[in-house]
Protein chains: 2
Amino acid sequence: MMYIYRAKTIKFKGIYDMAKRNVSLKDIAVACEVSIATVSKALNDHSDIGQETKEHIRAVADKLGYHPNAAAQALKTNRTNNIGVLFVDEANSGLTHDYFNHVLNSFKKTAEENGFDITFINGGKARINNMSYLSHAIYRGFDGVVIACVDFSDPEVEELVKSNIPVVTIDHIFYNRTSVVSDNVNGMRELATYIFAQGHRKVAYVHGAGSSVTQNRLTSFYKTLQELGVEIPDEYVVVSPYRDTDAAYEATNKLLDLKEPPTCILYPDDFAALGGINAIRQRNLRIPEDISVAGYDGLELARRLSPRLTTVVQNSEKIGEIAATKLIDLINNPKGTLVEQIVVEGTLDKGESVSNIIKI
Amino acid sequence: MMYIYRAKTIKFKGIYDMAKRNVSLKDIAVACEVSIATVSKALNDHSDIGQETKEHIRAVADKLGYHPNAAAQALKTNRTNNIGVLFVDEANSGLTHDYFNHVLNSFKKTAEENGFDITFINGGKARINNMSYLSHAIYRGFDGVVIACVDFSDPEVEELVKSNIPVVTIDHIFYNRTSVVSDNVNGMRELATYIFAQGHRKVAYVHGAGSSVTQNRLTSFYKTLQELGVEIPDEYVVVSPYRDTDAAYEATNKLLDLKEPPTCILYPDDFAALGGINAIRQRNLRIPEDISVAGYDGLELARRLSPRLTTVVQNSEKIGEIAATKLIDLINNPKGTLVEQIVVEGTLDKGESVSNIIKI
DNA sequence: TGTTATTCCGAAAACGTTTTACTAAATCAT
DNA sequence: ATGATTTAGTAAAACGTTTTCGGAATAACA
């Protein structure tokens with residue numbers, strides 16, 4: 001696609017030409033006629049500084065417009081109060097990845113509430129001096145790192161995980177590292193069981209492939225239906241990436257072209273389901289009367305479609321929150337805390353897109 | 001909603017108990033039997049170090065697993081290679097804000113390609129020692145700051161914008177600061193003109209309110225239709241926040257309940273349009289035969305709905321990219337670069353949700 | 001051979017903090 | 001009044017860099 005943009009350049013002179021030197025402890029020290037050490041202690045509320053001195057120093061600091069210098073603090077204390085976020089998904093959708101940005105948003109919120117900032121760890125490919133993930137993390141001095149949705153088989157990821165930087169992984173379990181995962185096994189079990197209960201026996205599965213998340217779901221799908229006595233033929237399982245409506249569209253067409261098409265199709269996520277829905281509607285089939293569909297994720301989108309999408313709503317907020325909490329625990333108490341593996345359950349949203357086809 | 005989660009705690013001992021001291025220039029210096037200065041220069045490829053010395057030092061640095069220390073570098077050079085991102089939207093949707101996360105994703109990409117990292121500037125409310133935006137930016141020493149989608153009347157934002165930190169604002173123009181804005185005026189003009197050409201005269205507008213973005217659109221909407229000789233009664237304009245499907249649902253119902261309901265409704269964004277669509281469908285009205293709708297933003301969602309949504313696709317990728325480029329220009333050349341105000345045009349996607357109602 | 005460039009490297013200061021060890025003064029107990 | 005303790009503050013080192021100013025050795029030149 002061609003993009004046009006007009007630019008009108010206003011001929012202002014540059015405005016950033018004043019020498020910038022921020023006020024430092026030293027400035028406060030001379031203003032108050034005390035030592036730098038005293039200023040530092042006063043601002044950090046140490047007990048060995050007199051009350052009136054503290055108040056005076058703080059007042060002067062305020063008046064002078066003092067701001068602490070994160071770099072200097074970090075250099076001295078080995079703490080940055082900064083958390084690295086590593087996220088590289090297969091589709092490279094980055095921040096536009098629906099599920100992830102919900103998780104991250106909640107992670108960010110709790111991290112900030114605890115005084116931490118968030119910085120992205122970017123790939124080796126993009127950087128000028130191309131560092132590995134671990135190099136980047138060491139370089140920035142992150143107090144901890146959260147890893148989500150990446151290709152966990154990437155050796156660079158493994159290197160990072162095995163380092164001595166506190167790590168929490170999301171939706172993937174590493175031995176001896178704490179992780180927060182969505183309960184895909186039970187989620188899929190619930191969904192499959194519900195679909196079975198609605199009378200469906202010919203159930204197809206559009207598989208998101210790639211990660212342990214989708215692998216868990218697929219396994220759970222097979223297992224659940226097998227326990228219920230349903231056989232899934234191989235041609236009922238097709239692959240299509242996360243959030244890829246085009247691929248889901250193709251996959252759906254393939255399924256509908258089978259001699260014996262399924263009565264229900266499961267998609268890797270709600271958005272991909274849209275692609276499937278388009279394919280189905282294009283054939284003038286009705287949802288759910290002629291064919292049923294189900295998504296996954298439980299984004300708001302699912303509730304806004306008509307018919308409302310049957311889906312498993314993942315508790316992305318809770319996942320982000322717990323991940324942040326646990327990571328901060330780890331940071332503040334590196335030797336004390338135990339390694340935990342936390343499973344966050346989702347809930348089935350029955351919606352309206354899976355019909356009851358039990359013959360009466 | 002009640003959220004359940006199970007946690008199984010694996011009783012591993014803490015693993016982060018090894019003392020971590022990263023290898024420094026000094027370590028390399030003693031290993032190579034040269035001075036620290038020489039090591040620094042060698043690694044930074046200064047011209048006054050011999051070729052073989054450089055190579056040797058680099059080899060040793062590699063072997064020892066050296067990583068530069070961002071904090072120390074920042075302290076010394078007053079450069080952090082880090083850009084602050086300020087983003088607070090009305091709805092507090094944060095990273096889940098569709099349009100913004102597209103812009104940010106693209107911004108992030110170009111920033112990283114130029115060796116910059118990205119850190120969020122968070123609100124005063126969330127932080128423990130609640131800093132203003134500017135304080136936070138100074139504290140972290142951001143080389144530059146990008147501001148998007150915030151409440152630009154917030155005095156804290158103004159304080160930041162007026163500081164001597166290089167700033168680029170997105171979708172809002174400040175005097176004497178460079179900005180990148182989506183062309184909402186022309187976008188809305190195109191959309192309104194198209195709708196008019198399709199024969200619609202009773203056009204309602206669900207107004208996103210709050211920002212200059214939506215204000216520009218509203219103004220352009222009024223202006224365009226007035227120029228075309230169409231009068232918009234006051235009750236055709238109702239307010240509903242960005243991306244709020246529930247509010248859009250309500251707003252739509254209000255519009256449909258009018259004695260003389262509109263033949264076409266515009267929404268502040270594609271997602272909100274979904275809420276409207278639900279309200280319409282609930283009354284068994286067909287889109288676009290009985291009533292037409294249009295969105296804004298041009299997210300992929302719009303193309304995946306059926307009927308495909310008529311919308312204005314904003315060039316979010318380009319906006320992010322330009323914002324990053326311009327900000328980096330400003331950072332690298334603070335006194336030389338001019339202040340620019342860049343307008344990025346969008347394109348009308350006619351979709352299928354606005355019908356032609358011209359009587360033949 | 002003596003002078004001047006050129007090449008390569010080092011000493012040391014500085015960036016803004018925090019923290020340890022210490023001192024001087026004030027308070028207390030006896 | 002003496003010694004012991006507490007209180008309030010300071011000096012200085014250290015964190016890991018970068019950079020300025022030289023300085024010594026070597027090379028080039030007359």
# chains A, B, ... in the order shown; residues from 1 in each chain; ligands from 1
>>> interface_residues(of="chain B", to="chain D", cutoff="10 Å", atoms="only C-alpha atoms (C1' of nucleotides)", output="PyMOL selection string")
chain B and resi 23-26+36-37+40-41+68-77
>>> residues_around(residues="stretch 253-265 of chain B", least_positions_apart="4", cutoff="9 Å", atoms="only C-alpha atoms (C1' of nucleotides)", output="PyMOL selection string")
chain B and resi 195+200-206+235-238+248-249+273+276+279-280+288+290-295+354-355
>>> select_by_dssp(residues="stretch 8-177 of chain B", states="helix (DSSP H, G or I)", output="PyMOL selection string")
chain B and resi 25-32+36-43+51-64+70-77+94-96+98-113+133-140+155-161
>>> write_last_selection(atoms="C-alpha atoms", output="compact mmCIF listing (two decimals), in the first residue's frame")
# COMPACT_ATOMS: atom_id res chain seq x y z
CA LEU B 25 36.79 -2.38 32.13
CA LYS B 26 39.15 -2.74 35.03
CA ASP B 27 39.08 -6.51 34.84
CA ILE B 28 39.96 -6.37 31.20
CA ALA B 29 42.66 -3.86 31.91
CA VAL B 30 44.45 -6.07 34.39
CA ALA B 31 44.02 -9.10 32.18
CA CYS B 32 45.57 -7.25 29.28
CA ILE B 36 41.49 1.30 31.86
CA ALA B 37 41.57 4.23 29.49
CA THR B 38 43.10 2.09 26.82
CA VAL B 39 40.44 -0.55 27.23
CA SER B 40 37.69 2.00 27.00
CA LYS B 41 39.16 3.51 23.91
CA ALA B 42 39.78 0.18 22.30
CA LEU B 43 36.21 -0.91 22.78
CA GLN B 51 45.25 -2.13 15.80
CA GLU B 52 46.65 -5.25 17.41
CA THR B 53 46.04 -3.84 20.87
CA LYS B 54 42.42 -3.24 19.98
CA GLU B 55 41.97 -6.73 18.73
CA HIS B 56 43.60 -8.27 21.71
CA ILE B 57 41.51 -6.22 24.13
CA ARG B 58 38.32 -7.07 22.34
CA ALA B 59 39.15 -10.72 22.34
CA VAL B 60 39.81 -10.67 26.05
CA ALA B 61 36.65 -8.65 26.67
CA ASP B 62 34.71 -11.29 24.85
CA LYS B 63 36.31 -14.14 26.68
CA LEU B 64 35.70 -12.52 30.03
CA ALA B 70 24.50 1.55 31.01
CA ALA B 71 24.30 3.39 34.30
CA ALA B 72 27.97 4.27 34.35
CA GLN B 73 27.87 5.34 30.74
CA ALA B 74 24.84 7.44 31.32
CA LEU B 75 26.36 9.05 34.34
CA LYS B 76 29.43 10.04 32.44
CA THR B 77 28.00 10.95 29.08
CA GLY B 94 -3.38 1.71 28.31
CA LEU B 95 -1.64 -0.73 26.08
CA THR B 96 -4.90 -2.31 25.08
CA ASP B 98 -5.91 -0.41 19.71
CA TYR B 99 -4.80 2.62 17.83
CA PHE B 100 -2.10 3.50 20.31
CA ASN B 101 -0.53 0.10 20.49
CA HIS B 102 -0.20 0.11 16.75
CA VAL B 103 1.50 3.46 16.83
CA LEU B 104 3.71 2.46 19.72
CA ASN B 105 4.66 -0.81 18.14
CA SER B 106 5.95 0.97 15.11
CA PHE B 107 7.61 3.65 17.20
CA LYS B 108 9.36 1.01 19.22
CA LYS B 109 10.61 -0.72 16.13
CA THR B 110 12.29 2.31 14.61
CA ALA B 111 13.63 3.45 17.95
CA GLU B 112 15.24 0.08 18.49
CA GLU B 113 16.67 0.06 15.04
CA TYR B 133 6.00 13.22 34.49
CA LEU B 134 8.84 15.66 34.16
CA SER B 135 10.47 14.50 37.37
CA HIS B 136 10.29 10.98 36.17
CA ALA B 137 11.84 11.90 32.86
CA ILE B 138 14.67 13.77 34.52
CA TYR B 139 15.17 11.02 37.03
CA ARG B 140 15.58 8.44 34.30
CA PRO B 155 -0.55 20.73 33.73
CA GLU B 156 1.95 17.97 34.28
CA VAL B 157 1.97 17.25 30.58
CA GLU B 158 2.43 20.88 29.83
CA GLU B 159 5.32 21.04 32.24
CA LEU B 160 6.97 18.16 30.46
CA VAL B 161 6.39 19.64 27.04
>>> closest_atom_pairs(of="chain C", to="chain A", cutoff="12 Å", atoms="only C-alpha atoms (C1' of nucleotides)", output="tab-separated table")
residue	atom	partner	partner_atom	distance
C:DC15	C1'	A:Ala72	CA	8.1
C:DG16	C1'	A:Ala72	CA	5.1
C:DT17	C1'	A:Ala72	CA	5.0
C:DT18	C1'	A:Lys76	CA	6.2
C:DT19	C1'	A:Ala37	CA	8.9
C:DT20	C1'	A:Ala37	CA	11.4
>>> decode(residues="stretch 1-24 of chain C", atoms="C-alpha atoms (C1' of nucleotides)", output="CSV table (one decimal), in the first residue's frame")
chain,number,residue,atom,x,y,z
C,1,DT,C1',72.7,13.9,14.4
C,2,DG,C1',69.4,16.7,16.0
C,3,DT,C1',64.7,18.4,15.4
C,4,DT,C1',60.0,17.7,14.5
C,5,DA,C1',55.9,14.9,13.7
C,6,DT,C1',53.4,10.9,14.5
C,7,DT,C1',51.8,7.0,17.0
C,8,DC,C1',50.3,4.7,21.0
C,9,DC,C1',49.2,4.6,25.5
C,10,DG,C1',48.4,6.1,30.6
C,11,DA,C1',47.2,9.2,34.8
C,12,DA,C1',43.7,11.3,36.7
C,13,DA,C1',39.5,13.9,37.1
C,14,DA,C1',34.8,13.8,36.7
C,15,DC,C1',29.8,12.2,36.5
C,16,DG,C1',26.1,11.8,41.2
C,17,DT,C1',25.3,8.8,44.3
C,18,DT,C1',25.6,5.7,48.8
C,19,DT,C1',27.9,4.0,52.8
C,20,DT,C1',31.4,2.9,56.1
C,21,DA,C1',34.1,4.5,59.5
C,22,DC,C1',35.1,8.1,62.2
C,23,DT,C1',34.8,12.4,65.2
C,24,DA,C1',33.1,16.0,68.0
